[in-house]
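So this one's start_14.cif, mmCIF, C-alpha atoms:
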```
data_work
#
loop_
_atom_site.label_atom_id
_atom_site.label_comp_id
_atom_site.auth_asym_id
_atom_site.auth_seq_id
_atom_site.Cartn_x
_atom_site.Cartn_y
_atom_site.Cartn_z
CA MET A 1 -212.63 -69.44 4.14
CA VAL A 2 -211.24 -68.64 0.73
CA PRO A 3 -207.47 -68.99 0.34
CA MET A 4 -206.42 -65.46 -0.41
CA PRO A 5 -203.29 -64.29 -2.12
CA THR A 6 -201.21 -62.14 0.14
CA ARG A 7 -198.02 -60.33 -0.73
CA ARG A 8 -196.20 -63.51 0.20
CA THR A 9 -198.26 -65.92 -1.89
CA THR A 10 -198.89 -63.86 -5.00
CA VAL A 11 -197.31 -65.71 -7.91
CA ARG A 12 -194.65 -63.41 -9.35
CA ARG A 13 -192.88 -65.56 -11.91
CA VAL A 14 -195.19 -66.04 -14.90
CA PRO A 15 -198.06 -64.38 -13.01
CA HIS A 16 -200.74 -65.60 -15.43
CA ARG A 17 -200.08 -69.10 -14.09
CA GLY A 18 -201.18 -68.03 -10.61
CA VAL A 19 -204.58 -69.21 -9.45
CA TYR A 20 -206.26 -68.06 -6.26
CA ASP A 21 -209.55 -69.86 -6.58
CA ARG A 22 -210.45 -72.04 -3.62
CA GLU A 23 -211.84 -74.86 -5.72
CA VAL A 24 -208.68 -75.07 -7.81
CA VAL A 25 -206.52 -75.17 -4.67
CA HIS A 26 -208.72 -77.88 -3.18
CA ALA A 27 -208.76 -79.99 -6.36
CA ILE A 28 -204.94 -79.97 -6.57
CA LEU A 29 -204.61 -80.95 -2.93
CA ASP A 30 -207.17 -83.74 -3.40
CA ALA A 31 -205.23 -85.12 -6.37
CA GLY A 32 -201.77 -85.11 -4.74
CA LYS A 33 -200.20 -87.90 -2.72
CA VAL A 34 -197.25 -86.27 -0.96
CA ALA A 35 -196.72 -82.82 0.51
CA HIS A 36 -193.29 -81.24 0.87
CA VAL A 37 -193.14 -79.40 4.17
CA GLY A 38 -190.57 -76.67 4.74
CA PHE A 39 -189.45 -75.50 8.15
CA VAL A 40 -186.36 -73.80 9.54
CA HIS A 41 -184.00 -75.25 12.14
CA ASP A 42 -180.87 -73.32 13.17
CA ALA A 43 -181.28 -70.98 10.16
CA GLN A 44 -181.24 -73.99 7.82
CA PRO A 45 -184.39 -74.73 5.79
CA PHE A 46 -185.44 -78.38 5.65
CA VAL A 47 -187.92 -79.83 3.15
CA ILE A 48 -189.42 -83.17 4.16
CA PRO A 49 -191.93 -85.25 2.16
CA ILE A 50 -194.98 -86.41 4.08
CA ALA A 51 -198.37 -87.98 3.42
CA TYR A 52 -201.27 -85.60 3.97
CA ALA A 53 -204.98 -85.12 3.51
CA ARG A 54 -207.14 -82.11 2.80
CA ASP A 55 -209.97 -81.65 5.28
CA GLY A 56 -212.08 -78.66 4.29
CA ASP A 57 -209.94 -75.56 4.52
CA ARG A 58 -207.00 -77.23 6.17
CA ILE A 59 -204.28 -79.75 5.43
CA LEU A 60 -203.81 -82.62 7.86
CA LEU A 61 -200.28 -83.89 8.41
CA HIS A 62 -199.37 -86.89 10.49
CA GLY A 63 -196.19 -88.29 11.78
CA SER A 64 -194.45 -89.57 14.85
CA GLY A 65 -194.64 -87.43 17.96
CA GLY A 66 -190.87 -87.92 18.18
CA SER A 67 -190.17 -86.34 14.79
CA ARG A 68 -188.11 -83.16 14.84
CA MET A 69 -190.30 -81.66 12.15
CA MET A 70 -193.58 -82.53 13.83
CA ARG A 71 -192.37 -81.13 17.13
CA ALA A 72 -191.14 -77.92 15.49
CA LEU A 73 -194.44 -77.46 13.64
CA ALA A 74 -196.50 -78.20 16.76
CA ALA A 75 -194.48 -75.54 18.59
CA GLY A 76 -195.63 -72.96 16.05
CA ALA A 77 -192.67 -72.77 13.65
CA PRO A 78 -193.50 -70.90 10.43
CA ALA A 79 -193.95 -73.51 7.74
CA CYS A 80 -194.67 -73.94 4.05
CA VAL A 81 -196.65 -76.88 2.68
CA THR A 82 -196.24 -77.47 -1.05
CA VAL A 83 -198.02 -80.07 -3.17
CA THR A 84 -196.99 -80.60 -6.79
CA ILE A 85 -198.55 -82.82 -9.44
CA VAL A 86 -196.57 -83.39 -12.62
CA ASP A 87 -198.89 -83.60 -15.64
CA GLY A 88 -196.47 -83.73 -18.54
CA LEU A 89 -193.31 -82.75 -20.34
CA VAL A 90 -193.50 -79.81 -22.72
CA LEU A 91 -191.15 -79.94 -25.70
CA ALA A 92 -190.78 -76.74 -27.70
CA ARG A 93 -188.74 -76.17 -30.87
CA SER A 94 -186.33 -74.06 -28.83
CA VAL A 95 -184.44 -75.33 -25.79
CA PHE A 96 -185.50 -72.14 -24.03
CA HIS A 97 -189.24 -72.86 -24.13
CA HIS A 98 -189.05 -76.43 -22.86
CA SER A 99 -191.19 -76.75 -19.75
CA MET A 100 -193.40 -79.04 -17.71
CA ASN A 101 -197.12 -79.13 -17.25
CA TYR A 102 -197.95 -79.19 -13.56
CA ARG A 103 -200.31 -78.09 -10.85
CA SER A 104 -198.95 -76.91 -7.52
CA VAL A 105 -200.17 -75.37 -4.31
CA VAL A 106 -198.01 -73.40 -1.89
CA ALA A 107 -199.50 -72.70 1.53
CA LEU A 108 -197.85 -70.65 4.27
CA GLY A 109 -198.80 -70.74 7.91
CA THR A 110 -198.51 -72.33 11.28
CA ALA A 111 -199.83 -75.72 12.26
CA THR A 112 -201.97 -76.68 15.24
CA LYS A 113 -201.79 -80.01 17.04
CA LEU A 114 -205.03 -81.96 17.16
CA ASP A 115 -206.20 -84.01 20.13
CA GLY A 116 -209.12 -86.14 21.31
CA LYS A 117 -212.03 -86.75 18.97
CA GLU A 118 -210.70 -84.31 16.42
CA LYS A 119 -207.45 -86.29 16.25
CA ALA A 120 -209.27 -89.61 15.84
CA ALA A 121 -211.40 -88.20 13.01
CA ALA A 122 -208.32 -86.72 11.33
CA LEU A 123 -206.58 -90.09 11.37
CA GLU A 124 -209.54 -91.62 9.52
CA THR A 125 -209.43 -88.78 6.99
CA LEU A 126 -205.70 -89.37 6.44
CA VAL A 127 -206.13 -93.10 5.81
CA ASP A 128 -209.08 -92.46 3.50
CA ALA A 129 -206.96 -89.93 1.56
CA LEU A 130 -204.48 -92.74 0.89
CA VAL A 131 -207.24 -95.14 -0.22
CA PRO A 132 -210.87 -93.94 -0.01
CA GLY A 133 -212.93 -96.17 2.27
CA ARG A 134 -209.90 -97.86 3.83
CA SER A 135 -210.39 -96.57 7.38
CA ALA A 136 -213.62 -98.60 7.73
CA GLU A 137 -211.83 -101.80 6.70
CA ALA A 138 -208.69 -101.60 8.82
CA ARG A 139 -208.21 -102.25 12.52
CA GLY A 140 -208.56 -98.88 14.25
CA PRO A 141 -205.86 -97.33 16.43
CA ASN A 142 -205.50 -98.37 20.07
CA PRO A 143 -204.61 -95.86 22.79
CA ALA A 144 -200.86 -96.55 22.53
CA GLU A 145 -200.90 -96.03 18.76
CA MET A 146 -202.91 -92.83 19.14
CA ALA A 147 -200.41 -91.57 21.69
CA ALA A 148 -197.46 -92.31 19.37
CA THR A 149 -199.07 -90.42 16.49
CA MET A 150 -199.06 -86.66 16.14
CA ILE A 151 -201.58 -85.02 13.85
CA LEU A 152 -201.28 -81.40 12.81
CA ALA A 153 -203.77 -79.18 11.04
CA PHE A 154 -202.31 -76.60 8.68
CA PRO A 155 -204.61 -73.74 7.58
CA LEU A 156 -205.31 -72.92 3.94
CA GLU A 157 -205.60 -69.22 4.67
CA GLU A 158 -202.54 -68.00 2.82
CA ALA A 159 -202.29 -70.21 -0.23
CA SER A 160 -201.98 -70.01 -3.97
CA ALA A 161 -201.91 -72.43 -6.86
CA LYS A 162 -199.81 -72.35 -9.99
CA VAL A 163 -200.82 -74.27 -13.08
CA ARG A 164 -199.24 -74.82 -16.48
CA SER A 165 -201.17 -76.81 -19.06
CA GLY A 166 -201.42 -77.13 -22.80
CA PRO A 167 -198.97 -77.22 -25.69
CA PRO A 168 -195.56 -75.53 -25.89
CA VAL A 169 -195.46 -71.85 -26.77
CA ASP A 170 -192.72 -71.25 -29.31
CA ASP A 171 -191.50 -67.94 -30.67
CA PRO A 172 -193.22 -67.31 -34.03
CA GLU A 173 -189.93 -67.47 -35.93
CA ASP A 174 -189.26 -70.98 -34.57
CA VAL A 175 -192.58 -72.52 -35.66
CA PRO A 176 -191.48 -73.26 -39.27
CA LEU A 177 -188.37 -75.13 -38.06
CA PRO A 178 -188.42 -78.88 -38.83
CA ILE A 179 -188.42 -79.73 -35.13
CA TRP A 180 -191.18 -81.72 -33.47
CA ALA A 181 -192.94 -79.94 -30.62
CA GLY A 182 -195.62 -81.16 -28.28
CA THR A 183 -196.35 -82.62 -24.90
CA ILE A 184 -195.84 -86.01 -23.27
CA PRO A 185 -198.58 -86.55 -20.66
CA LEU A 186 -197.48 -87.99 -17.33
CA ALA A 187 -199.65 -89.43 -14.58
CA LEU A 188 -199.04 -91.41 -11.41
CA GLN A 189 -200.68 -94.73 -12.17
CA CYS A 190 -201.59 -97.74 -10.06
CA GLY A 191 -200.19 -101.15 -10.87
CA GLN A 192 -201.67 -104.48 -9.80
CA PRO A 193 -202.20 -104.73 -6.03
CA GLN A 194 -199.77 -107.13 -4.37
CA ALA A 195 -201.07 -108.99 -1.33
CA ALA A 196 -198.69 -109.24 1.61
CA PRO A 197 -196.96 -112.66 1.81
CA ASP A 198 -199.00 -113.63 4.89
CA VAL A 199 -202.42 -112.91 3.29
CA PRO A 200 -204.33 -116.10 2.33
CA ASP A 201 -204.25 -116.79 -1.42
CA ASP A 202 -208.04 -116.73 -1.71
CA ALA A 203 -208.52 -113.41 0.09
CA PRO A 204 -210.52 -111.07 -2.14
CA LEU A 205 -209.41 -107.51 -2.82
CA PRO A 206 -211.23 -105.21 -0.42
CA PRO A 207 -213.74 -102.70 -1.87
CA SER A 208 -211.39 -99.78 -1.13
CA VAL A 209 -208.57 -101.21 -3.25
CA ALA A 210 -210.84 -102.43 -6.04
CA GLY A 211 -212.38 -98.94 -6.25
CA LEU A 212 -209.00 -97.21 -6.34
CA ILE A 213 -207.78 -99.39 -9.19
CA ARG A 214 -211.00 -98.81 -11.12
CA ARG A 215 -210.61 -95.02 -10.80
CA SER A 216 -206.88 -94.88 -11.56
CA PRO A 217 -206.36 -92.15 -14.19
CA ALA A 218 -204.75 -92.84 -17.53
CA PRO A 219 -202.07 -90.33 -18.55
CA MET B 1 -167.22 -86.82 -3.47
CA VAL B 2 -169.44 -89.15 -1.50
CA PRO B 3 -172.54 -87.58 0.04
CA MET B 4 -171.86 -87.99 3.72
CA PRO B 5 -174.34 -87.96 6.54
CA THR B 6 -173.70 -85.12 8.91
CA ARG B 7 -175.52 -84.40 12.12
CA ARG B 8 -178.00 -82.44 10.01
CA THR B 9 -178.69 -85.11 7.40
CA THR B 10 -178.65 -88.25 9.52
CA VAL B 11 -182.08 -89.84 9.24
CA ARG B 12 -183.52 -89.91 12.74
CA ARG B 13 -187.10 -91.06 12.19
CA VAL B 14 -187.06 -94.78 11.35
CA PRO B 15 -183.25 -94.71 11.05
CA HIS B 16 -183.05 -98.07 9.24
CA ARG B 17 -184.65 -96.34 6.25
CA GLY B 18 -181.69 -93.96 5.98
CA VAL B 19 -179.26 -94.56 3.13
CA TYR B 20 -175.98 -92.73 2.69
CA ASP B 21 -174.62 -94.54 -0.33
CA ARG B 22 -173.70 -92.25 -3.21
CA GLU B 23 -175.07 -94.57 -5.88
CA VAL B 24 -178.45 -94.76 -4.18
CA VAL B 25 -178.61 -90.98 -3.87
CA HIS B 26 -177.68 -90.60 -7.53
CA ALA B 27 -180.19 -93.21 -8.74
CA ILE B 28 -183.05 -91.49 -6.91
CA LEU B 29 -182.10 -88.10 -8.32
CA ASP B 30 -181.86 -89.58 -11.82
CA ALA B 31 -185.34 -91.08 -11.52
CA GLY B 32 -187.09 -87.95 -10.25
CA LYS B 33 -188.70 -85.21 -12.32
CA VAL B 34 -189.22 -82.34 -9.89
CA ALA B 35 -187.20 -81.06 -6.94
CA HIS B 36 -188.72 -79.14 -4.06
CA VAL B 37 -186.37 -76.35 -3.05
CA GLY B 38 -186.60 -74.77 0.37
CA PHE B 39 -185.25 -71.34 1.23
CA VAL B 40 -185.99 -68.71 3.85
CA HIS B 41 -187.23 -65.18 3.21
CA ASP B 42 -188.06 -62.86 6.13
CA ALA B 43 -187.99 -65.85 8.54
CA GLN B 44 -190.62 -67.62 6.42
CA PRO B 45 -189.65 -70.88 4.73
CA PHE B 46 -190.78 -71.29 1.12
CA VAL B 47 -190.87 -74.57 -0.80
CA ILE B 48 -190.97 -74.23 -4.58
CA PRO B 49 -191.14 -77.05 -7.15
CA ILE B 50 -188.59 -76.84 -9.93
CA ALA B 51 -187.20 -79.00 -12.75
CA TYR B 52 -183.65 -80.16 -12.14
CA ALA B 53 -180.91 -82.44 -13.39
CA ARG B 54 -178.17 -84.36 -11.64
CA ASP B 55 -174.72 -83.66 -13.06
CA GLY B 56 -172.14 -85.79 -11.27
CA ASP B 57 -172.03 -84.74 -7.64
CA ARG B 58 -174.25 -81.72 -8.03
CA ILE B 59 -177.84 -80.82 -8.80
CA LEU B 60 -178.50 -78.28 -11.55
CA LEU B 61 -181.46 -75.94 -11.10
CA HIS B 62 -182.64 -73.50 -13.68
CA GLY B 63 -185.07 -70.64 -13.67
CA SER B 64 -185.54 -67.04 -14.57
CA GLY B 65 -182.89 -64.61 -13.41
CA GLY B 66 -185.77 -62.50 -12.13
CA SER B 67 -187.08 -65.18 -9.79
CA ARG B 68 -186.96 -64.35 -6.11
CA MET B 69 -185.87 -67.87 -5.29
CA MET B 70 -183.12 -68.00 -7.91
CA ARG B 71 -181.75 -64.65 -6.79
CA ALA B 72 -181.82 -65.69 -3.12
CA LEU B 73 -180.05 -68.96 -3.89
CA ALA B 74 -177.46 -67.26 -6.10
CA ALA B 75 -176.74 -64.86 -3.24
CA GLY B 76 -175.79 -67.82 -1.04
CA ALA B 77 -178.97 -68.40 0.96
CA PRO B 78 -178.91 -71.75 2.84
CA ALA B 79 -181.17 -74.10 0.93
CA CYS B 80 -182.57 -77.61 0.96
CA VAL B 81 -183.24 -79.58 -2.22
CA THR B 82 -185.56 -82.55 -1.80
CA VAL B 83 -186.57 -85.08 -4.45
CA THR B 84 -189.27 -87.64 -3.70
CA ILE B 85 -190.48 -90.55 -5.80
CA VAL B 86 -193.69 -92.26 -4.74
CA ASP B 87 -193.53 -96.01 -5.39
CA GLY B 88 -196.69 -97.27 -3.80
CA LEU B 89 -199.35 -97.31 -1.13
CA VAL B 90 -198.85 -99.66 1.79
CA LEU B 91 -202.02 -101.05 3.37
CA ALA B 92 -201.63 -102.81 6.68
CA ARG B 93 -204.29 -104.57 8.76
CA SER B 94 -204.04 -101.74 11.28
CA VAL B 95 -204.65 -98.09 10.47
CA PHE B 96 -201.45 -97.34 12.39
CA HIS B 97 -199.15 -99.26 10.05
CA HIS B 98 -200.47 -97.80 6.80
CA SER B 99 -197.63 -96.16 4.90
CA MET B 100 -196.21 -95.36 1.50
CA ASN B 101 -193.31 -96.83 -0.41
CA TYR B 102 -191.03 -94.05 -1.57
CA ARG B 103 -187.48 -92.99 -2.27
CA SER B 104 -186.34 -89.52 -1.28
CA VAL B 105 -183.16 -87.47 -1.16
CA VAL B 106 -182.63 -84.45 1.06
CA ALA B 107 -179.59 -82.29 0.29
CA LEU B 108 -178.50 -79.24 2.28
CA GLY B 109 -176.17 -76.59 1.03
CA THR B 110 -175.60 -73.41 -0.88
CA ALA B 111 -175.88 -72.99 -4.63
CA THR B 112 -173.42 -71.42 -7.04
CA LYS B 113 -174.39 -69.52 -10.19
CA LEU B 114 -172.95 -70.91 -13.40
CA ASP B 115 -171.74 -68.80 -16.31
CA GLY B 116 -170.13 -69.09 -19.72
CA LYS B 117 -169.40 -72.53 -21.15
CA GLU B 118 -170.34 -74.23 -17.92
CA LYS B 119 -173.77 -72.60 -18.08
CA ALA B 120 -174.32 -73.63 -21.69
CA ALA B 121 -173.36 -77.23 -20.91
CA ALA B 122 -175.64 -77.24 -17.88
CA LEU B 123 -178.61 -76.10 -19.98
CA GLU B 124 -178.08 -79.07 -22.29
CA THR B 125 -177.89 -81.40 -19.29
CA LEU B 126 -181.16 -79.96 -17.97
CA VAL B 127 -183.03 -80.46 -21.26
CA ASP B 128 -181.64 -83.98 -21.59
CA ALA B 129 -182.80 -84.76 -18.06
CA LEU B 130 -186.34 -83.90 -19.18
CA VAL B 131 -186.04 -86.08 -22.31
CA PRO B 132 -182.69 -87.80 -23.01
CA GLY B 133 -181.26 -86.69 -26.36
CA ARG B 134 -183.58 -83.72 -26.71
CA SER B 135 -180.93 -80.98 -26.55
CA ALA B 136 -179.43 -82.15 -29.87
CA GLU B 137 -182.84 -81.92 -31.58
CA ALA B 138 -184.02 -78.53 -30.37
CA ARG B 139 -182.97 -75.06 -31.45
CA GLY B 140 -180.22 -73.98 -29.06
CA PRO B 141 -180.38 -70.87 -26.90
CA ASN B 142 -179.49 -67.48 -28.34
CA PRO B 143 -177.61 -64.87 -26.28
CA ALA B 144 -180.80 -63.14 -25.10
CA GLU B 145 -182.28 -66.45 -23.93
CA MET B 146 -179.04 -67.36 -22.17
CA ALA B 147 -179.04 -63.99 -20.44
CA ALA B 148 -182.62 -64.46 -19.23
CA THR B 149 -181.85 -67.90 -17.78
CA MET B 150 -180.13 -68.47 -14.48
CA ILE B 151 -178.53 -71.82 -13.77
CA LEU B 152 -177.41 -72.83 -10.31
CA ALA B 153 -175.32 -75.77 -9.20
CA PHE B 154 -176.19 -77.26 -5.83
CA PRO B 155 -173.59 -79.55 -4.22
CA LEU B 156 -174.34 -83.11 -3.09
CA GLU B 157 -171.96 -82.87 -0.18
CA GLU B 158 -174.44 -83.02 2.67
CA ALA B 159 -177.13 -85.38 1.49
CA SER B 160 -179.00 -88.46 2.55
CA ALA B 161 -181.62 -90.75 1.08
CA LYS B 162 -184.57 -92.41 2.75
CA VAL B 163 -186.24 -95.44 1.25
CA ARG B 164 -189.25 -97.53 2.19
CA SER B 165 -190.05 -100.57 0.09
CA GLY B 166 -191.77 -103.91 0.45
CA PRO B 167 -194.95 -105.16 2.08
CA PRO B 168 -196.68 -103.76 5.15
CA VAL B 169 -195.35 -104.73 8.55
CA ASP B 170 -198.21 -105.58 10.86
CA ASP B 171 -198.07 -106.37 14.54
CA PRO B 172 -198.09 -110.20 14.96
CA GLU B 173 -201.46 -110.17 16.74
CA ASP B 174 -203.06 -108.39 13.75
CA VAL B 175 -201.93 -110.90 11.10
CA PRO B 176 -204.79 -113.39 11.69
CA LEU B 177 -207.44 -110.67 11.29
CA PRO B 178 -209.64 -111.09 8.18
CA ILE B 179 -208.33 -107.83 6.71
CA TRP B 180 -206.52 -107.66 3.36
CA ALA B 181 -203.01 -106.21 3.52
CA GLY B 182 -200.57 -105.44 0.75
CA THR B 183 -199.21 -102.78 -1.52
CA ILE B 184 -200.51 -100.88 -4.54
CA PRO B 185 -197.57 -99.98 -6.80
CA LEU B 186 -197.53 -96.45 -8.19
CA ALA B 187 -195.38 -95.07 -11.00
CA LEU B 188 -195.34 -91.88 -13.05
CA GLN B 189 -196.18 -93.12 -16.53
CA CYS B 190 -196.04 -91.54 -19.96
CA GLY B 191 -199.16 -91.30 -22.09
CA GLN B 192 -199.26 -90.89 -25.85
CA PRO B 193 -197.24 -87.88 -27.07
CA GLN B 194 -199.44 -85.06 -28.33
CA ALA B 195 -198.01 -82.95 -31.15
CA ALA B 196 -198.52 -79.19 -30.84
CA PRO B 197 -201.41 -77.91 -33.01
CA ASP B 198 -198.97 -76.22 -35.41
CA VAL B 199 -196.85 -79.34 -36.06
CA PRO B 200 -197.50 -80.91 -39.50
CA ASP B 201 -199.66 -84.05 -39.32
CA ASP B 202 -197.00 -86.20 -40.97
CA ALA B 203 -194.14 -85.13 -38.69
CA PRO B 204 -192.56 -88.24 -37.16
CA LEU B 205 -191.89 -88.51 -33.45
CA PRO B 206 -188.28 -87.52 -32.81
CA PRO B 207 -185.88 -90.20 -31.51
CA SER B 208 -185.79 -88.58 -28.06
CA VAL B 209 -189.54 -88.91 -27.56
CA ALA B 210 -189.79 -92.37 -29.09
CA GLY B 211 -187.02 -93.56 -26.76
CA LEU B 212 -188.65 -92.07 -23.68
CA ILE B 213 -191.97 -93.77 -24.42
CA ARG B 214 -190.23 -97.10 -25.03
CA ARG B 215 -188.47 -96.89 -21.66
CA SER B 216 -191.47 -95.70 -19.64
CA PRO B 217 -191.71 -97.94 -16.55
CA ALA B 218 -194.82 -99.93 -15.74
CA PRO B 219 -195.95 -99.67 -12.12
#
```
Write the structure described by the file as structure tokens, please.
Amino acid sequence: MVPMPTRRTTVRRVPHRGVYDREVVHAILDAGKVAHVGFVHDAQPFVIPIAYARDGDRILLHGSGGSRMMRALAAGAPACVTVTIVDGLVLARSVFHHSMNYRSVVALGTATKLDGKEKAAALETLVDALVPGRSAEARGPNPAEMAATMILAFPLEEASAKVRSGPPVDDPEDVPLPIWAGTIPLALQCGQPQAAPDVPDDAPLPPSVAGLIRRSPAP
Amino acid sequence: MVPMPTRRTTVRRVPHRGVYDREVVHAILDAGKVAHVGFVHDAQPFVIPIAYARDGDRILLHGSGGSRMMRALAAGAPACVTVTIVDGLVLARSVFHHSMNYRSVVALGTATKLDGKEKAAALETLVDALVPGRSAEARGPNPAEMAATMILAFPLEEASAKVRSGPPVDDPEDVPLPIWAGTIPLALQCGQPQAAPDVPDDAPLPPSVAGLIRRSPAP
């Protein structure tokens, strides 16, 4: 299913930055680490950060079954899931045209609680989104842990992306000014893995972690 | 004014991660780049990423005066401003205890539109939050640019922080398992500044940019 722009997800501010292509939406979601989930409780919007994974045309969210947000979403509360990746600072000659380079996805919808085999598979997908290949290395969930975990699937039916990239765009009359303009790339980068204090000194890095470090993008 | 936990901002999930200290809230806001702002339109929550700055006990947000979100916030819509910084991936022996290290602030409230001198000062604060010292280097806003920009102040009266740091916490019976556990630090890092195509080749980096690169944290 292709994420389609609806009246509610059509980008209105700077419309040429709006992107409705499924592959672009998927690529942004695959590159992000944290989703910001919006829901309403007593007429007050709340925005809570949460780890997530993309699984085909849906976003998987997991949390405690006791969480107010998870319970509200499972009960069918209208929600918004937003993922933003900051790619750089954009410095123009004029204060007015300063900006950021970024990629973001905004998805509207209602989540569905997963159970049984679908839930177990989703948990593996979530761990592998954190570190690819990790679910096969770690000790799998026991029944009590599965019961304490809630996993929700959020559809990518009503979603749009917004992307800004490239250099600053100054007004033509500002270009001759003796003011530097350009971009400062930003990227979330991995540092050196730190073994937990109770891991033996000679324990090798697992393949999942070694692979993640190898693929860590330079800004 | 100290951000105080109210019934609405008391951290309920993993309550020992909740922090209500003003300096912690301020430090997280000062370290972040993007806020996720939640508001409600036709019973649907929306979460939109936006650049921001902290100014004392308030968050400054700026956008186009034509933006649906800015207009809704200026009209007094209840809002939530959330800032999240990802500090690392946490790999436990068990799938269940995998997590992320992060710092986040959730603030609830209602924004106020700024005008006149207060608005002009806020615009400088916003540009300097992007790159400290930049507002003094760039060409300042003219009246038409000021008129096209809306700046909102969001109070830090009802706010809380949530922080996870440190190594994974495994169940005691999992510690002897031959599974690596630890953390992978993550940090948003600056790359090499890229001058805009129309900047002369011999233009030096301005002090603001040189300073930002020098202070860029290693993960």
Selection result of the PyMOL selection byres ((chain B and resi 49) around 6) on this file, as an MDAnalysis selection string: chainID B and resid 35:36 48 50
Target residues per the PyMOL selection byres ((chain B and resi 63) around 9), formatted as a VMD selection string: chain B and resid 50 to 51 61 to 62 64 to 67 69 to 70 148 to 152
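Between atom CA of B:Phe39 and atom CA of A:Leu91 the interatomic distance comes to 28.9 Å.
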Hits of the PyMOL selection byres ((chain A and resi 90) around 12) in this structure, as a count of residues only: 40
Separation of atom CA of B:Ile85 from atom CA of A:Ala75, in Å and rounded to one decimal: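 Between these atoms lies a distance of 28.9 Å.
Straight-line separation from atom CA of A:Thr84 to atom CA of B:Ala43: 23.1 Å.
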Which residue of A:Thr10, A:Ser208, A:Glu173, A:Pro45 approaches A:Ser135 most closely, using all atoms listed in the file: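 With all atoms listed in the file as the atom set, the closest residue is A:Ser208.
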Polymer residues at most 12 Å from A:Pro178, all atoms listed in the file, same-chain spacing of 5 or more positions, as an MDAnalysis selection string: (chainID A and resid 92:94 173) or (chainID B and resid 137:139 198:200 202:206)
Which of B:Val175, B:Leu123, B:Ala53, B:Leu156 sits closest to B:Arg22 [using all atoms listed in the file]: B:Leu156
Residue among B:Leu188, B:Ile179, B:Val47, B:Ala120 lying closest to B:Ala147, counting only C-alpha atoms: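 Of B:Leu188, B:Ile179, B:Val47, B:Ala120, the one nearest B:Ala147, counting only C-alpha atoms, is B:Ala120.
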Within 9 Å of A:Ile59 using all atoms listed in the file, minus same-chain residues under 2 positions, as a list in words: Leu29, Tyr52, Ala53, Arg54, Asp55, Gly56, Asp57, Leu61, Val81, Leu152, Ala153, Phe154, Pro155 and Leu156 of chain A
For A:Ala77: contacts at 9 Å, all atoms listed in the file, fewer than 5 positions along chain excluded, given as a list in words: Phe39, Val40, Ala72, Gly109, Thr110 and Ala111 of chain A
Among the residues A:Leu114, A:Ala161, A:Leu60, A:Leu126, the one that comes closest to A:Ile28 [using only C-alpha atoms]: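 Closest residue, counting only C-alpha atoms: A:Ala161.
Comparing the minimum interatomic distances between chain A and each of B:His26, B:Arg103, B:Lys113, B:Arg58, counting all atoms listed in the file, we find that B:Arg103 sits nearest.
Near B:Phe46, within a cut-off of 8 Å and counting all atoms listed in the file, sit the residues Gly38, Ala79, Cys80 and Leu108 of chain A; Val37, Gly38, Phe39 and Val40 of chain B, with same-chain residues fewer than 6 positions away left out.
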